[in-house]
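Chemist: So that you have it, the file is protein-v2.txt, and it contains compact mmCIF, C-alpha atoms:
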# COMPACT_ATOMS: atom_id res chain seq x y z
CA MET S 1 80.38 55.12 29.01
CA TRP S 2 81.22 51.82 27.34
CA LEU S 3 83.39 50.86 30.31
CA TYR S 4 80.50 51.41 32.73
CA LEU S 5 78.21 49.41 30.49
CA ALA S 6 80.71 46.54 30.32
CA VAL S 7 81.05 46.57 34.12
CA LEU S 8 77.26 46.46 34.57
CA VAL S 9 76.92 43.56 32.14
CA GLY S 10 79.75 41.73 33.89
CA LEU S 11 78.14 42.26 37.31
CA TYR S 12 74.79 41.03 35.98
CA TYR S 13 76.26 37.76 34.71
CA LEU S 14 78.31 37.32 37.89
CA LEU S 15 75.20 37.73 40.02
CA ARG S 16 73.23 35.34 37.81
CA TRP S 17 76.02 32.76 37.97
CA TYR S 18 76.06 32.99 41.78
CA ARG S 19 72.26 32.65 42.10
CA GLU S 20 72.08 29.73 39.69
CA ARG S 21 74.70 27.75 41.62
CA LYS S 22 72.39 27.32 44.62
CA VAL S 23 70.95 23.81 44.70
CA VAL S 24 67.69 22.61 46.24
CA SER S 25 68.19 20.62 49.46
CA HIS S 26 67.21 16.98 50.12
CA LEU S 27 67.28 15.93 46.47
CA GLN S 28 67.34 12.26 47.48
CA ASP S 29 63.78 12.64 48.81
CA LYS S 30 62.35 14.19 45.65
CA PHE S 31 60.42 12.35 42.91
CA VAL S 32 60.72 13.31 39.23
CA PHE S 33 58.44 11.95 36.50
CA ILE S 34 59.88 11.97 32.95
CA THR S 35 58.04 11.06 29.75
CA GLY S 36 59.71 9.58 26.67
CA CYS S 37 62.50 7.67 28.40
CA ASP S 38 62.99 4.91 25.81
CA SER S 39 65.82 6.85 24.15
CA GLY S 40 67.28 10.30 23.55
CA PHE S 41 67.00 13.15 26.03
CA GLY S 42 64.55 11.34 28.32
CA ASN S 43 66.71 8.23 28.63
CA LEU S 44 69.87 10.20 29.36
CA LEU S 45 68.10 12.52 31.82
CA ALA S 46 66.65 9.55 33.73
CA ARG S 47 70.12 8.02 34.12
CA GLN S 48 71.63 11.40 34.99
CA LEU S 49 69.11 12.18 37.73
CA ASP S 50 69.38 8.62 39.08
CA LEU S 51 73.13 9.13 39.51
CA ARG S 52 72.35 12.40 41.27
CA GLY S 53 70.26 10.50 43.83
CA LEU S 54 66.77 11.63 42.87
CA ARG S 55 63.86 9.21 42.78
CA VAL S 56 63.19 8.89 39.07
CA LEU S 57 59.82 7.73 37.73
CA ALA S 58 60.52 7.02 34.06
CA ALA S 59 57.69 6.67 31.56
CA CYS S 60 58.53 4.60 28.46
CA LEU S 61 56.44 3.81 25.41
CA THR S 62 57.63 0.19 25.23
CA GLU S 63 58.50 -2.51 27.74
CA GLN S 64 61.76 -3.09 25.89
CA GLY S 65 62.77 0.53 26.44
CA ALA S 66 61.80 0.32 30.11
CA GLU S 67 63.81 -2.86 30.66
CA GLN S 68 66.91 -1.46 28.97
CA LEU S 69 66.70 1.66 31.15
CA ARG S 70 66.29 -0.36 34.36
CA ASN S 71 69.39 -2.39 33.46
CA LYS S 72 71.46 0.81 33.31
CA THR S 73 70.24 2.42 36.53
CA SER S 74 69.93 1.82 40.27
CA GLY S 75 67.05 0.18 42.08
CA ARG S 76 65.65 3.63 42.95
CA LEU S 77 64.49 4.21 39.39
CA GLN S 78 61.04 2.89 38.55
CA THR S 79 59.39 2.62 35.14
CA VAL S 80 55.86 2.72 33.79
CA ILE S 81 54.47 2.23 30.28
CA LEU S 82 52.85 5.41 28.94
CA ASP S 83 51.35 6.48 25.62
CA VAL S 84 50.81 10.23 25.90
CA THR S 85 48.22 10.16 23.10
CA LYS S 86 45.83 7.99 25.14
CA THR S 87 44.01 9.55 28.08
CA GLU S 88 43.38 6.16 29.69
CA SER S 89 47.14 5.44 29.63
CA ILE S 90 47.82 8.83 31.23
CA ALA S 91 45.16 8.17 33.90
CA ALA S 92 46.73 4.81 34.76
CA ALA S 93 50.20 6.34 34.96
CA THR S 94 48.87 9.13 37.18
CA GLU S 95 47.44 6.62 39.65
CA TRP S 96 50.78 4.80 39.64
CA VAL S 97 52.65 8.06 40.35
CA LYS S 98 50.27 8.85 43.24
CA LYS S 99 51.09 5.52 44.87
CA CYS S 100 54.83 6.06 44.35
CA VAL S 101 55.05 9.59 45.78
CA GLY S 102 52.52 9.24 48.62
CA ASP S 103 52.16 12.40 50.69
CA ARG S 104 55.36 13.98 49.36
CA GLY S 105 53.89 15.07 46.06
CA LEU S 106 55.77 15.20 42.77
CA TRP S 107 58.77 17.51 42.74
CA GLY S 108 59.42 17.43 39.01
CA LEU S 109 57.43 16.76 35.85
CA VAL S 110 59.46 16.64 32.63
CA ASN S 111 57.36 16.57 29.46
CA ASN S 112 59.97 15.19 27.10
CA ALA S 113 58.10 12.70 24.87
CA GLY S 114 57.86 13.93 21.29
CA ILE S 115 58.11 13.16 17.59
CA SER S 116 59.36 15.25 14.66
CA THR S 117 57.86 13.56 11.61
CA PRO S 118 56.14 13.88 9.20
CA THR S 119 58.13 17.03 8.37
CA ALA S 120 57.96 18.31 4.80
CA PRO S 121 56.67 21.30 2.81
CA ASN S 122 53.10 21.89 3.97
CA GLU S 123 51.54 21.15 0.59
CA TRP S 124 52.89 17.60 0.70
CA LEU S 125 51.03 16.81 3.91
CA THR S 126 47.51 15.98 5.01
CA LYS S 127 45.49 17.06 8.03
CA GLN S 128 46.24 13.68 9.63
CA ASP S 129 49.99 14.33 9.29
CA PHE S 130 49.62 17.51 11.33
CA MET S 131 47.35 15.83 13.87
CA LYS S 132 49.86 13.00 14.42
CA ILE S 133 52.52 15.41 15.69
CA LEU S 134 50.15 17.71 17.58
CA ASP S 135 48.65 14.73 19.41
CA VAL S 136 52.03 13.79 20.89
CA ASN S 137 53.96 17.05 21.16
CA LEU S 138 51.20 19.40 22.30
CA LEU S 139 48.01 17.65 23.37
CA GLY S 140 50.03 14.93 25.10
CA VAL S 141 51.98 17.56 27.05
CA ILE S 142 48.77 19.29 28.10
CA ASP S 143 47.01 16.05 29.11
CA VAL S 144 49.95 14.75 31.17
CA THR S 145 50.46 18.13 32.85
CA LEU S 146 46.83 18.62 33.82
CA SER S 147 46.67 15.08 35.22
CA LEU S 148 49.78 15.43 37.40
CA LEU S 149 49.50 19.11 38.32
CA PRO S 150 47.85 18.53 41.74
CA LEU S 151 50.84 16.39 42.76
CA VAL S 152 53.35 18.99 41.53
CA ARG S 153 51.47 21.76 43.32
CA LYS S 154 51.51 19.72 46.53
CA ALA S 155 55.31 19.55 46.41
CA ARG S 156 55.64 23.19 45.23
CA GLY S 157 57.76 21.66 42.52
CA ARG S 158 58.76 22.13 38.90
CA VAL S 159 57.29 21.58 35.43
CA VAL S 160 59.91 21.29 32.67
CA ASN S 161 58.55 21.27 29.13
CA VAL S 162 60.83 20.29 26.25
CA SER S 163 60.07 22.71 23.45
CA SER S 164 62.50 23.49 20.62
CA ILE S 165 64.23 26.41 19.04
CA MET S 166 61.74 25.68 16.24
CA GLY S 167 59.14 26.94 18.71
CA ARG S 168 60.76 30.35 18.24
CA VAL S 169 61.33 30.37 14.47
CA ALA S 170 59.57 28.14 11.94
CA LEU S 171 61.88 27.25 9.06
CA ILE S 172 60.21 24.16 7.60
CA GLY S 173 56.65 22.93 7.20
CA GLY S 174 54.68 20.30 9.04
CA GLY S 175 53.29 20.06 12.54
CA TYR S 176 56.57 20.12 14.49
CA SER S 177 57.06 23.89 14.75
CA ILE S 178 53.32 24.37 15.22
CA SER S 179 53.35 21.97 18.17
CA LYS S 180 56.39 23.63 19.74
CA TYR S 181 54.91 27.11 19.36
CA GLY S 182 51.93 25.66 21.24
CA VAL S 183 54.17 24.27 23.98
CA GLU S 184 55.71 27.73 24.38
CA ALA S 185 52.29 29.36 24.77
CA PHE S 186 51.04 26.67 27.16
CA SER S 187 54.21 26.96 29.26
CA ASP S 188 54.02 30.75 29.45
CA SER S 189 50.42 30.76 30.63
CA LEU S 190 51.08 27.86 33.02
CA ARG S 191 54.11 29.60 34.55
CA ARG S 192 52.11 32.71 35.32
CA GLU S 193 49.19 30.79 36.79
CA LEU S 194 51.32 28.51 38.97
CA SER S 195 53.56 31.26 40.33
CA TYR S 196 50.90 31.89 43.00
CA PHE S 197 51.42 28.34 44.30
CA GLY S 198 55.22 28.34 44.36
CA VAL S 199 55.51 26.10 41.28
CA LYS S 200 58.14 27.01 38.68
CA VAL S 201 57.81 26.25 34.96
CA ALA S 202 60.83 26.06 32.65
CA MET S 203 61.17 25.51 28.92
CA ILE S 204 64.03 23.70 27.19
CA GLU S 205 64.55 24.96 23.62
CA PRO S 206 67.27 22.76 22.09
CA GLY S 207 68.93 23.43 18.78
CA TYR S 208 69.75 20.55 16.44
CA PHE S 209 70.63 17.31 18.26
CA VAL S 210 70.79 13.77 16.88
CA THR S 211 68.18 11.61 18.62
CA ASN S 212 65.85 8.87 17.40
CA MET S 213 63.53 11.70 16.28
CA THR S 214 66.10 13.14 13.86
CA LYS S 215 68.22 10.15 12.83
CA GLY S 216 68.75 9.84 9.09
CA LYS S 217 66.82 6.75 7.99
CA GLY S 218 63.61 7.56 9.84
CA PHE S 219 63.60 11.18 8.73
CA ILE S 220 64.43 10.28 5.12
CA GLY S 221 61.76 7.58 5.04
CA ASN S 222 59.07 9.94 6.33
CA LEU S 223 60.11 12.68 3.91
CA GLN S 224 59.97 10.24 0.99
CA ALA S 225 56.55 8.99 2.15
CA SER S 226 55.26 12.57 2.24
CA TRP S 227 56.59 13.13 -1.28
CA ASN S 228 54.96 9.94 -2.49
CA GLN S 229 51.54 11.01 -1.23
CA ALA S 230 51.76 14.49 -2.75
CA SER S 231 49.50 15.24 -5.70
CA PRO S 232 50.86 15.07 -9.28
CA GLU S 233 50.48 18.86 -9.53
CA VAL S 234 52.66 19.43 -6.45
CA LYS S 235 55.28 16.94 -7.69
CA GLU S 236 55.46 18.76 -10.99
CA LEU S 237 55.93 22.10 -9.21
CA TYR S 238 58.71 20.92 -6.91
CA GLY S 239 60.54 18.55 -9.26
CA ASP S 240 62.16 15.16 -8.71
CA ASN S 241 65.41 16.58 -7.27
CA PHE S 242 63.79 18.57 -4.47
CA VAL S 243 63.89 15.74 -1.88
CA ALA S 244 67.64 15.16 -2.37
CA ASP S 245 68.37 18.91 -2.27
CA PHE S 246 66.26 19.31 0.87
CA LEU S 247 68.17 16.52 2.63
CA LYS S 248 71.50 18.10 1.69
CA THR S 249 70.36 21.37 3.27
CA MET S 250 69.29 19.56 6.45
CA ASN S 251 72.71 17.85 6.68
CA LEU S 252 74.45 21.20 6.35
CA MET S 253 72.43 22.43 9.35
CA LYS S 254 73.75 19.62 11.56
CA PRO S 255 76.29 21.12 14.03
CA PRO S 256 79.41 19.25 15.29
CA TRP S 257 78.01 18.98 18.84
CA ALA S 258 74.76 17.33 17.72
CA GLN S 259 75.69 14.00 19.36
CA ASN S 260 76.32 15.55 22.78
CA LEU S 261 72.85 15.21 24.30
CA SER S 262 74.13 16.16 27.75
CA LEU S 263 74.13 19.81 26.64
CA ALA S 264 70.34 19.57 26.78
CA THR S 265 69.95 17.22 29.74
CA ASP S 266 72.26 19.39 31.86
CA CYS S 267 69.79 22.23 31.31
CA MET S 268 66.89 19.98 32.34
CA GLU S 269 68.77 18.91 35.46
CA HIS S 270 69.47 22.52 36.37
CA ALA S 271 65.80 23.42 35.91
CA LEU S 272 64.89 20.66 38.38
CA THR S 273 67.62 21.09 40.99
CA ALA S 274 68.55 24.79 41.08
CA CYS S 275 66.94 27.07 43.65
CA HIS S 276 66.60 29.71 40.92
CA PRO S 277 66.00 27.98 37.57
CA ARG S 278 65.76 29.94 34.35
CA THR S 279 62.50 30.38 32.51
CA ARG S 280 64.09 29.27 29.22
CA TYR S 281 67.18 27.26 28.33
CA SER S 282 68.60 27.11 24.80
CA PRO S 283 71.17 24.28 24.65
CA GLY S 284 73.42 24.19 21.59
CA TRP S 285 75.46 27.03 20.11
CA ASP S 286 73.26 27.00 16.99
CA ALA S 287 70.28 27.77 19.22
CA LYS S 288 72.07 30.60 21.04
CA PHE S 289 73.87 32.31 18.17
CA LEU S 290 71.79 31.49 15.09
CA TYR S 291 68.15 30.62 15.73
CA LEU S 292 67.49 32.84 18.74
CA PRO S 293 68.86 35.95 16.99
CA MET S 294 66.83 34.98 13.90
CA SER S 295 63.67 34.93 16.01
CA TYR S 296 64.20 38.62 16.85
CA LEU S 297 64.96 39.74 13.29
CA PRO S 298 62.31 41.41 11.13
CA SER S 299 60.28 38.76 9.32
CA PHE S 300 61.37 39.89 5.86
CA LEU S 301 65.04 39.24 6.74
CA VAL S 302 64.29 35.71 7.99
CA ASP S 303 62.21 35.12 4.87
CA LEU S 304 65.18 36.16 2.71
CA LEU S 305 67.56 33.85 4.62
CA VAL S 306 65.24 30.90 4.12
CA TYR S 307 64.72 31.85 0.47
CA TRP S 308 68.47 31.84 -0.16
CA CYS S 309 69.46 28.84 1.96
CA PHE S 310 66.73 26.29 1.25
CA PRO S 311 66.19 24.54 -2.12
CA GLN S 312 63.66 26.09 -4.45
CA PRO S 313 60.91 24.30 -6.39
CA ASP S 314 61.65 23.67 -10.05
CA LYS S 315 58.84 25.94 -11.17
CA ALA S 316 59.40 28.78 -8.73
CA LEU S 317 58.85 32.29 -10.06
Please rewrite the model in this file as structure tokens.
Modeler:
Amino acid sequence: MWLYLAVLVGLYYLLRWYRERKVVSHLQDKFVFITGCDSGFGNLLARQLDLRGLRVLAACLTEQGAEQLRNKTSGRLQTVILDVTKTESIAAATEWVKKCVGDRGLWGLVNNAGISTPTAPNEWLTKQDFMKILDVNLLGVIDVTLSLLPLVRKARGRVVNVSSIMGRVALIGGGYSISKYGVEAFSDSLRRELSYFGVKVAMIEPGYFVTNMTKGKGFIGNLQASWNQASPEVKELYGDNFVADFLKTMNLMKPPWAQNLSLATDCMEHALTACHPRTRYSPGWDAKFLYLPMSYLPSFLVDLLVYWCFPQPDKAL
């Protein structure tokens, strides 16, 4: 019985491997719009797709980021300044994309722009702290997608939304996991709606990678700022050593492949160029073998893991 089961599993993965190797034709004629290209995943993906011959439309938050990207790529790549929190900026970028793509439509939309801070225990934060992240990571994704959807539908193309493994299991407080859970829900509903029009929607759920969002000084500074704004009562409950202990735990969670951003951008490229893209990609072994299994465990087991692994407040019961 086990032999038959092993053969069936092997055949399944062999068939999936064969299907996923098929590549869309005429890639050099296809336009892809990527948000958040100043650095990190978006920057690397823009350069990667440019080398592949696609017509990349890269949205950057700053002119400096746009200029640096243009200096590293071919003349095919074009840039535009975009702030995903401002509807007027999105409207202007949409008009620019329409002029660039003409009658061809937009083959790929990659919603990559995002932030991860402020991240801290929920009691340390304010409503504005949550809104700051939701405005970029969730509402920005929705606004950009709705604005460009007619162009994607015209090309019968792809929408690729960068979520996170923290959109499957919430381990720490703040708006980040909330926003990524929202991206998951939006992507699921969008995928089902757009299937009638030949448009495919994929989600990228990376594990821990070192980008500008997660680099030490910025993360530490935001955590310290959240601690500083906490009430005296909360500070007394958590104790002065909690911040240092929390940072030690976060460093322990950093895997050895965290610098290899291509693990994530290769998944994005596949979602855009494969004839049969996956619905979800989980780049990083921590995502595949730690966080994904955790998301399927009973809640009380995940609660126990977090209870044991994360630092406890000074005045915990």
Chemist: For the atom pair atom CA of Phe41 of chain S and atom CA of Asp135 of chain S, what is the interatomic distance in Å to one decimal place?
Modeler: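 So the answer is 19.6 Å.
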Chemist: When distances are computed from all atoms listed in the file, which of S:Val302, S:Val32, S:Met213, S:Val84 shows the smallest separation from Ile115 of chain S?
Modeler: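 The answer is S:Met213, which sits nearest to Ile115 of chain S.
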Chemist: Which one is closest to Arg76 of chain S: S:Asn43, S:Ser187, S:Asn112, S:Gln28? Count only C-alpha atoms.
Modeler: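 The answer is S:Gln28, which sits nearest to Arg76 of chain S.
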Chemist: Have a look at atom CA of Asp240 of chain S and atom CA of Thr211 of chain S and let me know their distance in Å, one decimal.
Modeler: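 Pair atom CA of Asp240 of chain S / atom CA of Thr211 of chain S returns 28.2 Å.
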Chemist: Compare S:Lys235, S:Leu297, S:Asp29, S:Asn222 by their minimum atom-to-atom distance to Arg104 of chain S, counting only C-alpha atoms, and give me the closest one.
Modeler: S:Asp29
Chemist: With distances taken over all atoms listed in the file, which residue among S:Ala58, S:Leu237, S:Leu149, S:Ile220 lies nearest Pro118 of chain S?
Modeler: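 Nearest to Pro118 of chain S: S:Ile220.
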Chemist: Of the candidates S:Phe130, S:Tyr176, S:Tyr4, S:Trp107, which one gets nearest to Gly198 of chain S if we count only C-alpha atoms?
Modeler: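 For Gly198 of chain S, the nearest of the candidates is S:Trp107.
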Chemist: Find the residues near segment 139-147 of chain S: any atom within 7 Å, counting only C-alpha atoms, skip ones fewer than 3 places away on the same chain, and give them as a PDB file with C-alpha atoms, keeping the file's coordinate frame.
Modeler:
ATOM      1  CA  VAL S  84      50.810  10.230  25.900  1.00  0.00           C
ATOM      2  CA  THR S  85      48.220  10.160  23.100  1.00  0.00           C
ATOM      3  CA  ILE S  90      47.820   8.830  31.230  1.00  0.00           C
ATOM      4  CA  THR S  94      48.870   9.130  37.180  1.00  0.00           C
ATOM      5  CA  ASN S 111      57.360  16.570  29.460  1.00  0.00           C
ATOM      6  CA  LEU S 134      50.150  17.710  17.580  1.00  0.00           C
ATOM      7  CA  ASP S 135      48.650  14.730  19.410  1.00  0.00           C
ATOM      8  CA  VAL S 136      52.030  13.790  20.890  1.00  0.00           C
TER       9      VAL S 136
END
Chemist: Would you mind telling me which residue in S:Val162, S:Ile172, S:Leu8, S:Val234 lies nearest to Gly36 of chain S when using all atoms listed in the file?
Modeler: S:Val162
Chemist: Please identify all polymer residues within 7 Å of segment 80-83 of chain S, counting all atoms listed in the file, omitting same-chain residues fewer than 5 positions from it, and present them as an NGL selection string.
Modeler: :S and (58-63 or 89-90 or 93)
Chemist: Would you mind completing segment 195-206 of chain S so that it carries all heavy atoms, and writing it out as a PDB file, keeping the file's coordinate frame?
Modeler:
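Full text of selection-v6.pdb as output:
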ATOM      1  N   SER S 195      52.666  30.472  39.482  1.00  0.00           N
ATOM      2  CA  SER S 195      53.560  31.260  40.330  1.00  0.00           C
ATOM      3  C   SER S 195      52.929  31.567  41.686  1.00  0.00           C
ATOM      4  O   SER S 195      53.629  31.711  42.691  1.00  0.00           O
ATOM      5  CB  SER S 195      53.946  32.562  39.628  1.00  0.00           C
ATOM      6  OG  SER S 195      52.797  33.377  39.404  1.00  0.00           O
ATOM      7  N   TYR S 196      51.596  31.623  41.733  1.00  0.00           N
ATOM      8  CA  TYR S 196      50.900  31.890  43.000  1.00  0.00           C
ATOM      9  C   TYR S 196      51.008  30.722  43.971  1.00  0.00           C
ATOM     10  O   TYR S 196      50.791  30.888  45.166  1.00  0.00           O
ATOM     11  CB  TYR S 196      49.415  32.180  42.736  1.00  0.00           C
ATOM     12  CG  TYR S 196      49.178  33.360  41.830  1.00  0.00           C
ATOM     13  CD1 TYR S 196      48.850  33.176  40.495  1.00  0.00           C
ATOM     14  CD2 TYR S 196      49.285  34.663  42.310  1.00  0.00           C
ATOM     15  CE1 TYR S 196      48.622  34.257  39.657  1.00  0.00           C
ATOM     16  CE2 TYR S 196      49.063  35.751  41.478  1.00  0.00           C
ATOM     17  CZ  TYR S 196      48.739  35.541  40.151  1.00  0.00           C
ATOM     18  OH  TYR S 196      48.522  36.617  39.333  1.00  0.00           O
ATOM     19  N   PHE S 197      51.352  29.538  43.459  1.00  0.00           N
ATOM     20  CA  PHE S 197      51.420  28.340  44.300  1.00  0.00           C
ATOM     21  C   PHE S 197      52.850  27.872  44.540  1.00  0.00           C
ATOM     22  O   PHE S 197      53.070  26.789  45.069  1.00  0.00           O
ATOM     23  CB  PHE S 197      50.617  27.204  43.643  1.00  0.00           C
ATOM     24  CG  PHE S 197      49.202  27.569  43.340  1.00  0.00           C
ATOM     25  CD1 PHE S 197      48.812  27.889  42.045  1.00  0.00           C
ATOM     26  CD2 PHE S 197      48.252  27.635  44.351  1.00  0.00           C
ATOM     27  CE1 PHE S 197      47.502  28.237  41.756  1.00  0.00           C
ATOM     28  CE2 PHE S 197      46.939  27.982  44.075  1.00  0.00           C
ATOM     29  CZ  PHE S 197      46.558  28.288  42.778  1.00  0.00           C
ATOM     30  N   GLY S 198      53.825  28.696  44.135  1.00  0.00           N
ATOM     31  CA  GLY S 198      55.220  28.340  44.360  1.00  0.00           C
ATOM     32  C   GLY S 198      55.774  27.312  43.392  1.00  0.00           C
ATOM     33  O   GLY S 198      56.837  26.734  43.634  1.00  0.00           O
ATOM     34  N   VAL S 199      55.061  27.058  42.295  1.00  0.00           N
ATOM     35  CA  VAL S 199      55.510  26.100  41.280  1.00  0.00           C
ATOM     36  C   VAL S 199      56.211  26.865  40.161  1.00  0.00           C
ATOM     37  O   VAL S 199      55.702  27.880  39.675  1.00  0.00           O
ATOM     38  CB  VAL S 199      54.328  25.303  40.702  1.00  0.00           C
ATOM     39  CG1 VAL S 199      54.787  24.399  39.555  1.00  0.00           C
ATOM     40  CG2 VAL S 199      53.676  24.473  41.799  1.00  0.00           C
ATOM     41  N   LYS S 200      57.379  26.372  39.748  1.00  0.00           N
ATOM     42  CA  LYS S 200      58.140  27.010  38.680  1.00  0.00           C
ATOM     43  C   LYS S 200      58.009  26.193  37.391  1.00  0.00           C
ATOM     44  O   LYS S 200      57.992  24.969  37.420  1.00  0.00           O
ATOM     45  CB  LYS S 200      59.613  27.145  39.069  1.00  0.00           C
ATOM     46  CG  LYS S 200      59.856  28.124  40.213  1.00  0.00           C
ATOM     47  CD  LYS S 200      61.327  28.193  40.560  1.00  0.00           C
ATOM     48  CE  LYS S 200      61.631  29.364  41.500  1.00  0.00           C
ATOM     49  NZ  LYS S 200      60.896  29.296  42.761  1.00  0.00           N
ATOM     50  N   VAL S 201      57.925  26.889  36.274  1.00  0.00           N
ATOM     51  CA  VAL S 201      57.810  26.250  34.960  1.00  0.00           C
ATOM     52  C   VAL S 201      58.972  26.709  34.090  1.00  0.00           C
ATOM     53  O   VAL S 201      59.211  27.915  33.952  1.00  0.00           O
ATOM     54  CB  VAL S 201      56.468  26.606  34.277  1.00  0.00           C
ATOM     55  CG1 VAL S 201      56.389  25.957  32.892  1.00  0.00           C
ATOM     56  CG2 VAL S 201      55.291  26.168  35.140  1.00  0.00           C
ATOM     57  N   ALA S 202      59.690  25.752  33.515  1.00  0.00           N
ATOM     58  CA  ALA S 202      60.830  26.060  32.650  1.00  0.00           C
ATOM     59  C   ALA S 202      60.649  25.415  31.291  1.00  0.00           C
ATOM     60  O   ALA S 202      60.015  24.367  31.165  1.00  0.00           O
ATOM     61  CB  ALA S 202      62.130  25.573  33.291  1.00  0.00           C
ATOM     62  N   MET S 203      61.205  26.052  30.279  1.00  0.00           N
ATOM     63  CA  MET S 203      61.170  25.510  28.920  1.00  0.00           C
ATOM     64  C   MET S 203      62.590  25.214  28.451  1.00  0.00           C
ATOM     65  O   MET S 203      63.514  26.023  28.661  1.00  0.00           O
ATOM     66  CB  MET S 203      60.531  26.510  27.955  1.00  0.00           C
ATOM     67  CG  MET S 203      59.034  26.489  27.946  1.00  0.00           C
ATOM     68  SD  MET S 203      58.360  27.866  26.996  1.00  0.00           S
ATOM     69  CE  MET S 203      58.392  29.178  28.218  1.00  0.00           C
ATOM     70  N   ILE S 204      62.761  24.063  27.804  1.00  0.00           N
ATOM     71  CA  ILE S 204      64.030  23.700  27.190  1.00  0.00           C
ATOM     72  C   ILE S 204      63.845  23.841  25.688  1.00  0.00           C
ATOM     73  O   ILE S 204      62.965  23.209  25.104  1.00  0.00           O
ATOM     74  CB  ILE S 204      64.435  22.248  27.538  1.00  0.00           C
ATOM     75  CG1 ILE S 204      64.291  21.993  29.045  1.00  0.00           C
ATOM     76  CG2 ILE S 204      65.854  21.966  27.059  1.00  0.00           C
ATOM     77  CD1 ILE S 204      65.191  22.836  29.921  1.00  0.00           C
ATOM     78  N   GLU S 205      64.674  24.670  25.053  1.00  0.00           N
ATOM     79  CA  GLU S 205      64.550  24.960  23.620  1.00  0.00           C
ATOM     80  C   GLU S 205      65.821  24.540  22.897  1.00  0.00           C
ATOM     81  O   GLU S 205      66.633  25.380  22.507  1.00  0.00           O
ATOM     82  CB  GLU S 205      64.281  26.448  23.411  1.00  0.00           C
ATOM     83  CG  GLU S 205      63.051  26.966  24.141  1.00  0.00           C
ATOM     84  CD  GLU S 205      62.951  28.484  24.117  1.00  0.00           C
ATOM     85  OE1 GLU S 205      64.004  29.153  24.047  1.00  0.00           O
ATOM     86  OE2 GLU S 205      61.820  28.988  24.166  1.00  0.00           O
ATOM     87  N   PRO S 206      66.013  23.227  22.691  1.00  0.00           N
ATOM     88  CA  PRO S 206      67.270  22.760  22.090  1.00  0.00           C
ATOM     89  C   PRO S 206      67.397  23.185  20.623  1.00  0.00           C
ATOM     90  O   PRO S 206      66.396  23.342  19.913  1.00  0.00           O
ATOM     91  CB  PRO S 206      67.176  21.230  22.196  1.00  0.00           C
ATOM     92  CG  PRO S 206      66.054  20.958  23.134  1.00  0.00           C
ATOM     93  CD  PRO S 206      65.123  22.125  23.013  1.00  0.00           C
TER      94      PRO S 206
END
